[in-house]
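Enquirer: My structure is below; once you've seen it, I'll send some questions.
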Amino acid sequence: MEDMTNKDVREPYTEHRLCYYDGNSRCVLVKDEETPFPEGKLIVSRTDLRGIITHCNQAFVEMSGYTEAELIGQPHYILRHPDMPKAIFKDAWETVARGEKWHGYVKNLCKDGRYYWVYATIILNVRAGNAVSCTSVRRKPSRTQVDACIAYYAQLKQAEV
Amino acid sequence: MQPYVMTVSPDFPPAQIAGWYIFNTWLQRQLGVPIHVSLFDDFASQRAVIQNDGIDLIYANPFDAAMLVREKGFTAIATPLHKSDEAIIAVAVDSPVQRIEDLTPGIRIAATDDPDVNLIAMIMLEPADLSAQNVQTHTVDTYVLVAKRLLQGQADVGFFLRDAFQTLSGMIQRQLRELIRSEIHVIRHVLLASPRLQEQHQQLRRLLPAMNTDLKGQGVLASMGLQGWEIQEQEDTEFMIDLMDTLVN
């Protein structure tokens with residue numbers, strides 16, 4: 001996956017290098033600017049069992065700032081924000097792999113460096129008894145819960161160092 | 001021969017009851033098999049008959065579709081063209097509430113027992129930290145009665161199926177204000193056929209999409225409030241069920 005550049009992100013921004021579970025890494029440019037979640041909508045995507053995006057709806061495309069063609073075939077961590085602790089995603093993948101539903105609050109990074117908060121649910125898609133993919137649905141979160149997560153995630157990030 | 005039984009999710013508009021009987025007459029002629037229409041006033045009595053395998057063809061809401069496909073082996077045949085299930089949360093026009101986040105625990109909700117609408121509407125209340133545990137819900141039989149409770153000040157918000165809200169009289173609509181409406185697009189009613197109807201599945205898939213191409217078919221569709229049918233592949237239904245699964249806590 002390509003590094004983010006100032007072609008897509010206007011100053012001011014901060015620069016971070018993210019290292020992902022699969023050994024890849026990427027430079028991301030981050031703005032301290034929130035994009036509000038679209039009222040009444042759901043952001044929906046599907047990935048294969050490796051986390052590669054195979055389907056996304058229009059709300060996903062609009063919020064992320066990427067085109068559908070830019071998203072399909074990419075790892076879902078294309079939206080990873082550096083404020084998100086690794087432990088949250090580890091818990092999500094382990095929960096879903098057990099066949100259980102995972103819920104949680106996630107801060108996502110847009111192509112233009114801005115961010116948006118979601119309440120996410122991920123489930124395993126089972127067909128004829130076999131796990132074939134994952135569906136993730138994001139909805140507008142409670143601001144109270146987001147505020148609590150901001151503090152909690154900062155603690156988790158601190159512990160990663 | 002024991003007739004097949006067709007039913008419709010109880011959330012369909014009462015004005016379209018006759019339309020489903022007309023559809024049934026059309027369907028019997030096309031398929032050459034006897035079909036009996038059995039309508040239910042509420043979801044509980046319909047589900048009891050479904051559990052006893054007493055239904056062969058059903059225009060199901062997405063909530064029930066999950067159970068019918070996964071537990072009863074029903075097959076998705078078709079969905080209505082350009083018609084997704086969307087919910088509206090409305091308040092009385094003079095309510096001080098301007099946005100969802102203005103609502104507080106303890107609010108009084110007027111709703112029907114429509115599971116899809118209630119699910120989607122409760123999700124839209126989450127940003128205000130509201131859940132079934134901290135609201136008071138009063139269930140009534142029809143969307144007109146939901147509106148009535150709002151107009152009489154007996155409820156703070158009302159849950160409506162979008163289509164039902166739009167068919168309220170102009171006078172009622174002018175006294176209500178839409179707070180939020182969902183734009184989910186992929187949650188839709190679906191026509192499902194039981195394993196007992198297996199022999200007719202292919203014919204149904206051939207007949208239904210062509211229904212809006214002839215005058216008679218168009219008339220039948222109009223009486224049901226539909227523009228036409230489009231084929232629903234099994235994977236489309238599985239996907240919708242997965243999506244519903246993410247929404248149910």
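Residues in the structure tokens are named by chain (A, B, ... in the order shown) and by number from 1 within that chain; ligands are numbered from 1 in the order shown.
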Do a neighbour search on Ala69 of chain A at 12 Å with only C-alpha atoms, toss out local chain neighbours closer than 6 positions, and write the hits as a list in words.
Expert: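 Counting only C-alpha atoms, the residues come to Ile53, Thr54, His55, Cys56, Asn57, Gln58 and Val61 of chain A.
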Enquirer: Which residues of chain A have any atom within 12 Å of an atom in chain B when counting only C-alpha atoms, and what is the closest pair of atoms for each, with the distance in Å to one decimal? Order the rows by chain and rising number and write it as a tab-separated table.
Expert:
```
residue	atom	partner	partner_atom	distance
A:Phe37	CA	B:Pro127	CA	10.5
A:Pro38	CA	B:Glu183	CA	9.5
A:Glu39	CA	B:Ile180	CA	7.3
A:Gly40	CA	B:Ser182	CA	4.1
A:Lys41	CA	B:Glu183	CA	5.0
A:Leu42	CA	B:Ile184	CA	6.0
A:Ile43	CA	B:Ile184	CA	8.7
A:Val44	CA	B:Leu243	CA	8.3
A:Ser45	CA	B:Leu243	CA	9.8
A:Arg46	CA	B:Phe239	CA	9.5
A:His55	CA	B:Phe239	CA	11.1
A:Asn57	CA	B:Val186	CA	9.6
A:Gln58	CA	B:Ile184	CA	10.2
A:Ala59	CA	B:Ile184	CA	9.2
A:Phe60	CA	B:Ile184	CA	11.9
A:Val96	CA	B:Thr246	CA	11.9
A:Glu100	CA	B:Thr246	CA	10.8
A:Lys101	CA	B:Thr246	CA	7.5
A:Trp102	CA	B:Thr246	CA	8.9
A:His103	CA	B:Thr246	CA	8.8
A:Gly104	CA	B:Thr246	CA	11.9
A:Trp117	CA	B:Pro127	CA	11.5
A:Val118	CA	B:Pro127	CA	10.4
A:Tyr119	CA	B:Pro127	CA	9.6
A:Ala120	CA	B:Thr246	CA	8.9
A:Thr121	CA	B:Thr246	CA	5.7
A:Ile122	CA	B:Thr246	CA	6.7
A:Ile123	CA	B:Thr246	CA	6.7
A:Leu124	CA	B:Asp242	CA	8.4
A:Asn125	CA	B:Asp242	CA	6.7
A:Val126	CA	B:Asp242	CA	9.0
A:Arg127	CA	B:Glu238	CA	8.4
A:Ala128	CA	B:Arg70	CA	10.6
A:Gly129	CA	B:Arg70	CA	11.6
A:Val132	CA	B:Phe239	CA	11.8
A:Ser133	CA	B:Phe239	CA	10.6
A:Cys134	CA	B:Asp242	CA	9.1
A:Thr135	CA	B:Asp242	CA	7.0
A:Ser136	CA	B:Thr246	CA	7.7
A:Val137	CA	B:Thr246	CA	6.7
A:Arg138	CA	B:Thr246	CA	9.3
A:Arg139	CA	B:Ile123	CA	8.0
A:Lys140	CA	B:Pro127	CA	6.2
A:Pro141	CA	B:Pro127	CA	5.2
A:Ser142	CA	B:Pro127	CA	3.8
A:Arg143	CA	B:Pro127	CA	6.5
A:Thr144	CA	B:Asp129	CA	7.5
A:Gln145	CA	B:Asp129	CA	8.4
A:Val146	CA	B:Pro127	CA	9.9
```
Enquirer: For the strand (DSSP E or B) assignment from backbone DSSP, which residues of segment 2-79 of chain A qualify? Please present them as a PyMOL selection string.
Expert: chain A and resi 14-19+25-30+34+43-47+52-56+75
Enquirer: The selected residues should be written to file as a PDB file, in the first residue's frame (atoms: C-alpha atoms).
Expert:
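Everything below was put into out-v3.pdb:
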```
ATOM      1  CA  THR A  14       1.277  15.179  11.433  1.00  0.00           C
ATOM      2  CA  GLU A  15       3.196  12.300   9.934  1.00  0.00           C
ATOM      3  CA  HIS A  16       3.193   8.754  11.356  1.00  0.00           C
ATOM      4  CA  ARG A  17       4.563   5.398  10.262  1.00  0.00           C
ATOM      5  CA  LEU A  18       2.157   2.538  10.937  1.00  0.00           C
ATOM      6  CA  CYS A  19       3.313  -1.080  11.069  1.00  0.00           C
ATOM      7  CA  SER A  25       4.083  -0.508   6.935  1.00  0.00           C
ATOM      8  CA  ARG A  26       2.869   2.815   5.630  1.00  0.00           C
ATOM      9  CA  CYS A  27       3.383   6.526   6.223  1.00  0.00           C
ATOM     10  CA  VAL A  28       0.081   8.272   7.063  1.00  0.00           C
ATOM     11  CA  LEU A  29      -0.652  12.000   7.253  1.00  0.00           C
ATOM     12  CA  VAL A  30      -3.142  12.951   9.954  1.00  0.00           C
ATOM     13  CA  GLU A  34     -13.344  15.252  12.423  1.00  0.00           C
ATOM     14  CA  ILE A  43     -21.266   2.141   6.377  1.00  0.00           C
ATOM     15  CA  VAL A  44     -21.027  -1.423   5.119  1.00  0.00           C
ATOM     16  CA  SER A  45     -18.115  -3.457   3.840  1.00  0.00           C
ATOM     17  CA  ARG A  46     -17.087  -7.042   3.361  1.00  0.00           C
ATOM     18  CA  THR A  47     -13.596  -8.466   3.500  1.00  0.00           C
ATOM     19  CA  ILE A  52      -8.902  -7.591   2.093  1.00  0.00           C
ATOM     20  CA  ILE A  53     -11.867  -5.412   1.053  1.00  0.00           C
ATOM     21  CA  THR A  54     -14.131  -7.205  -1.433  1.00  0.00           C
ATOM     22  CA  HIS A  55     -17.247  -4.984  -1.203  1.00  0.00           C
ATOM     23  CA  CYS A  56     -18.093  -1.544   0.148  1.00  0.00           C
ATOM     24  CA  PRO A  75      -6.404  -4.337   3.263  1.00  0.00           C
TER      25      PRO A  75
END
```
Enquirer: With only C-alpha atoms as the counted atoms, please give the residues lying no more than 12 Å from Pro115 of chain B, apart from itself and same-chain residues fewer than 3 positions off, as a list in words.
Expert: Ser9, Pro10, Asp11, Asp42, Phe43, Ala44, Ala60, Asn61, Pro62, Phe63, Asp64, Ala65, Asp85, Glu86, Ala87, Ala111, Thr112, Asn118, Leu119, Ile120, Ala121, Met122, Thr139, Phe159, Phe160, Leu161, Met244, Leu247 and Val248 of chain B
Enquirer: Could you write out that same residue set with N, CA, C and O atoms as an mmCIF file, in the first residue's frame?
Expert:
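Wrote it out as part_3.cif, contents follow:
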```
data_model
loop_
_atom_site.group_PDB
_atom_site.id
_atom_site.type_symbol
_atom_site.label_atom_id
_atom_site.label_comp_id
_atom_site.auth_asym_id
_atom_site.auth_seq_id
_atom_site.Cartn_x
_atom_site.Cartn_y
_atom_site.Cartn_z
ATOM 1 N N SER B 9 -46.131 -10.214 5.190
ATOM 2 C CA SER B 9 -45.715 -9.642 6.469
ATOM 3 C C SER B 9 -46.794 -8.674 6.962
ATOM 4 O O SER B 9 -47.287 -7.855 6.190
ATOM 5 N N PRO B 10 -47.187 -8.771 8.232
ATOM 6 C CA PRO B 10 -48.304 -7.936 8.713
ATOM 7 C C PRO B 10 -48.041 -6.425 8.666
ATOM 8 O O PRO B 10 -48.928 -5.655 9.000
ATOM 9 N N ASP B 11 -46.840 -6.004 8.239
ATOM 10 C CA ASP B 11 -46.589 -4.562 8.189
ATOM 11 C C ASP B 11 -47.011 -3.924 6.868
ATOM 12 O O ASP B 11 -46.750 -2.758 6.631
ATOM 13 N N ASP B 42 -51.079 -9.795 13.248
ATOM 14 C CA ASP B 42 -49.878 -9.466 14.007
ATOM 15 C C ASP B 42 -48.770 -10.474 13.715
ATOM 16 O O ASP B 42 -49.012 -11.553 13.168
ATOM 17 N N PHE B 43 -47.561 -10.102 14.070
ATOM 18 C CA PHE B 43 -46.389 -10.924 13.776
ATOM 19 C C PHE B 43 -46.400 -12.239 14.560
ATOM 20 O O PHE B 43 -45.990 -13.268 14.050
ATOM 21 N N ALA B 44 -46.870 -12.187 15.818
ATOM 22 C CA ALA B 44 -46.812 -13.377 16.669
ATOM 23 C C ALA B 44 -47.666 -14.505 16.081
ATOM 24 O O ALA B 44 -47.210 -15.665 16.005
ATOM 25 N N ALA B 60 -41.925 -11.470 2.997
ATOM 26 C CA ALA B 60 -41.430 -11.358 4.373
ATOM 27 C C ALA B 60 -40.651 -10.078 4.602
ATOM 28 O O ALA B 60 -39.955 -9.595 3.705
ATOM 29 N N ASN B 61 -40.758 -9.560 5.813
ATOM 30 C CA ASN B 61 -39.880 -8.454 6.169
ATOM 31 C C ASN B 61 -38.489 -9.042 6.428
ATOM 32 O O ASN B 61 -38.350 -10.244 6.695
ATOM 33 N N PRO B 62 -37.431 -8.210 6.341
ATOM 34 C CA PRO B 62 -36.069 -8.735 6.442
ATOM 35 C C PRO B 62 -35.797 -9.451 7.754
ATOM 36 O O PRO B 62 -35.027 -10.405 7.805
ATOM 37 N N PHE B 63 -36.426 -9.028 8.819
ATOM 38 C CA PHE B 63 -36.228 -9.630 10.128
ATOM 39 C C PHE B 63 -36.674 -11.097 10.103
ATOM 40 O O PHE B 63 -35.958 -11.992 10.541
ATOM 41 N N ASP B 64 -37.875 -11.334 9.571
ATOM 42 C CA ASP B 64 -38.388 -12.695 9.490
ATOM 43 C C ASP B 64 -37.684 -13.498 8.396
ATOM 44 O O ASP B 64 -37.577 -14.724 8.497
ATOM 45 N N ALA B 65 -37.214 -12.800 7.355
ATOM 46 C CA ALA B 65 -36.529 -13.496 6.261
ATOM 47 C C ALA B 65 -35.325 -14.269 6.800
ATOM 48 O O ALA B 65 -35.035 -15.384 6.357
ATOM 49 N N ASP B 85 -36.605 -0.930 2.843
ATOM 50 C CA ASP B 85 -37.259 -0.651 4.126
ATOM 51 C C ASP B 85 -36.481 0.441 4.835
ATOM 52 O O ASP B 85 -35.320 0.245 5.190
ATOM 53 N N GLU B 86 -37.089 1.566 5.027
ATOM 54 C CA GLU B 86 -36.431 2.666 5.735
ATOM 55 C C GLU B 86 -37.362 3.142 6.850
ATOM 56 O O GLU B 86 -38.585 3.031 6.738
ATOM 57 N N ALA B 87 -36.751 3.658 7.912
ATOM 58 C CA ALA B 87 -37.542 4.125 9.057
ATOM 59 C C ALA B 87 -37.430 5.642 9.189
ATOM 60 O O ALA B 87 -36.430 6.241 8.794
ATOM 61 N N ALA B 111 -44.809 3.304 18.818
ATOM 62 C CA ALA B 111 -44.336 2.443 17.723
ATOM 63 C C ALA B 111 -45.358 1.356 17.446
ATOM 64 O O ALA B 111 -46.232 1.086 18.264
ATOM 65 N N THR B 112 -45.232 0.737 16.271
ATOM 66 C CA THR B 112 -46.016 -0.469 15.993
ATOM 67 C C THR B 112 -45.133 -1.662 16.390
ATOM 68 O O THR B 112 -44.028 -1.463 16.911
ATOM 69 N N ASN B 118 -38.586 -0.901 14.068
ATOM 70 C CA ASN B 118 -38.173 -0.677 15.454
ATOM 71 C C ASN B 118 -36.666 -0.875 15.617
ATOM 72 O O ASN B 118 -36.007 -0.119 16.341
ATOM 73 N N LEU B 119 -36.123 -1.862 14.914
ATOM 74 C CA LEU B 119 -34.679 -2.105 14.990
ATOM 75 C C LEU B 119 -33.911 -0.902 14.419
ATOM 76 O O LEU B 119 -32.989 -0.375 15.059
ATOM 77 N N ILE B 120 -34.296 -0.473 13.229
ATOM 78 C CA ILE B 120 -33.577 0.623 12.576
ATOM 79 C C ILE B 120 -33.738 1.918 13.385
ATOM 80 O O ILE B 120 -32.779 2.668 13.590
ATOM 81 N N ALA B 121 -34.943 2.163 13.871
ATOM 82 C CA ALA B 121 -35.198 3.400 14.626
ATOM 83 C C ALA B 121 -34.407 3.406 15.945
ATOM 84 O O ALA B 121 -33.831 4.440 16.322
ATOM 85 N N MET B 122 -34.358 2.270 16.630
ATOM 86 C CA MET B 122 -33.594 2.229 17.887
ATOM 87 C C MET B 122 -32.110 2.469 17.618
ATOM 88 O O MET B 122 -31.416 3.097 18.421
ATOM 89 N N THR B 139 -46.634 0.380 22.342
ATOM 90 C CA THR B 139 -46.898 -0.233 21.030
ATOM 91 C C THR B 139 -48.372 -0.128 20.668
ATOM 92 O O THR B 139 -49.242 -0.479 21.480
ATOM 93 N N PHE B 159 -42.092 6.094 15.765
ATOM 94 C CA PHE B 159 -41.350 5.334 14.746
ATOM 95 C C PHE B 159 -42.302 5.002 13.599
ATOM 96 O O PHE B 159 -43.383 4.457 13.821
ATOM 97 N N PHE B 160 -41.854 5.285 12.378
ATOM 98 C CA PHE B 160 -42.684 5.012 11.197
ATOM 99 C C PHE B 160 -41.883 4.265 10.138
ATOM 100 O O PHE B 160 -40.688 4.535 9.947
ATOM 101 N N LEU B 161 -42.569 3.372 9.418
ATOM 102 C CA LEU B 161 -42.028 2.881 8.162
ATOM 103 C C LEU B 161 -42.135 4.063 7.201
ATOM 104 O O LEU B 161 -43.173 4.733 7.166
ATOM 105 N N MET B 244 -28.398 -7.789 8.852
ATOM 106 C CA MET B 244 -29.376 -7.712 9.941
ATOM 107 C C MET B 244 -28.753 -8.230 11.242
ATOM 108 O O MET B 244 -28.975 -7.692 12.313
ATOM 109 N N LEU B 247 -26.920 -5.848 13.232
ATOM 110 C CA LEU B 247 -27.723 -4.775 13.830
ATOM 111 C C LEU B 247 -28.452 -5.217 15.092
ATOM 112 O O LEU B 247 -28.906 -4.393 15.872
ATOM 113 N N VAL B 248 -28.574 -6.535 15.248
ATOM 114 C CA VAL B 248 -29.294 -7.046 16.413
ATOM 115 C C VAL B 248 -28.300 -7.286 17.540
ATOM 116 O O VAL B 248 -27.317 -7.996 17.351
#
```
Enquirer: Name the residues in contact with segment 77-81 of chain A at a cut-off of 9 Å, using only C-alpha atoms, excluding same-chain residues fewer than 3 positions from it; report them as a PyMOL selection string.
Expert: chain A and resi 1+18+20+28+30+51-52+64+71+74+84+106-111+115
Enquirer: Using only C-alpha atoms, which residues sit within 9 Å of Leu226 of chain B once same-chain residues fewer than 6 positions away are excluded, as a PyMOL selection string?
Expert: chain B and resi 80-83+218+220
Enquirer: As a PyMOL selection string, which residues of segment 7-242 of chain B does DSSP assign to helix (DSSP H, G or I)?
Expert: chain B and resi 14-31+43-51+62-72+100-102+115-128+132-134+143-151+162-166+170-174+195-213+215-224+234-242
Enquirer: Enter the distance from atom CA of His201 of chain B to atom CA of Gln16 of chain B, in Å, rounded to one decimal.
Expert: 24.6 Å
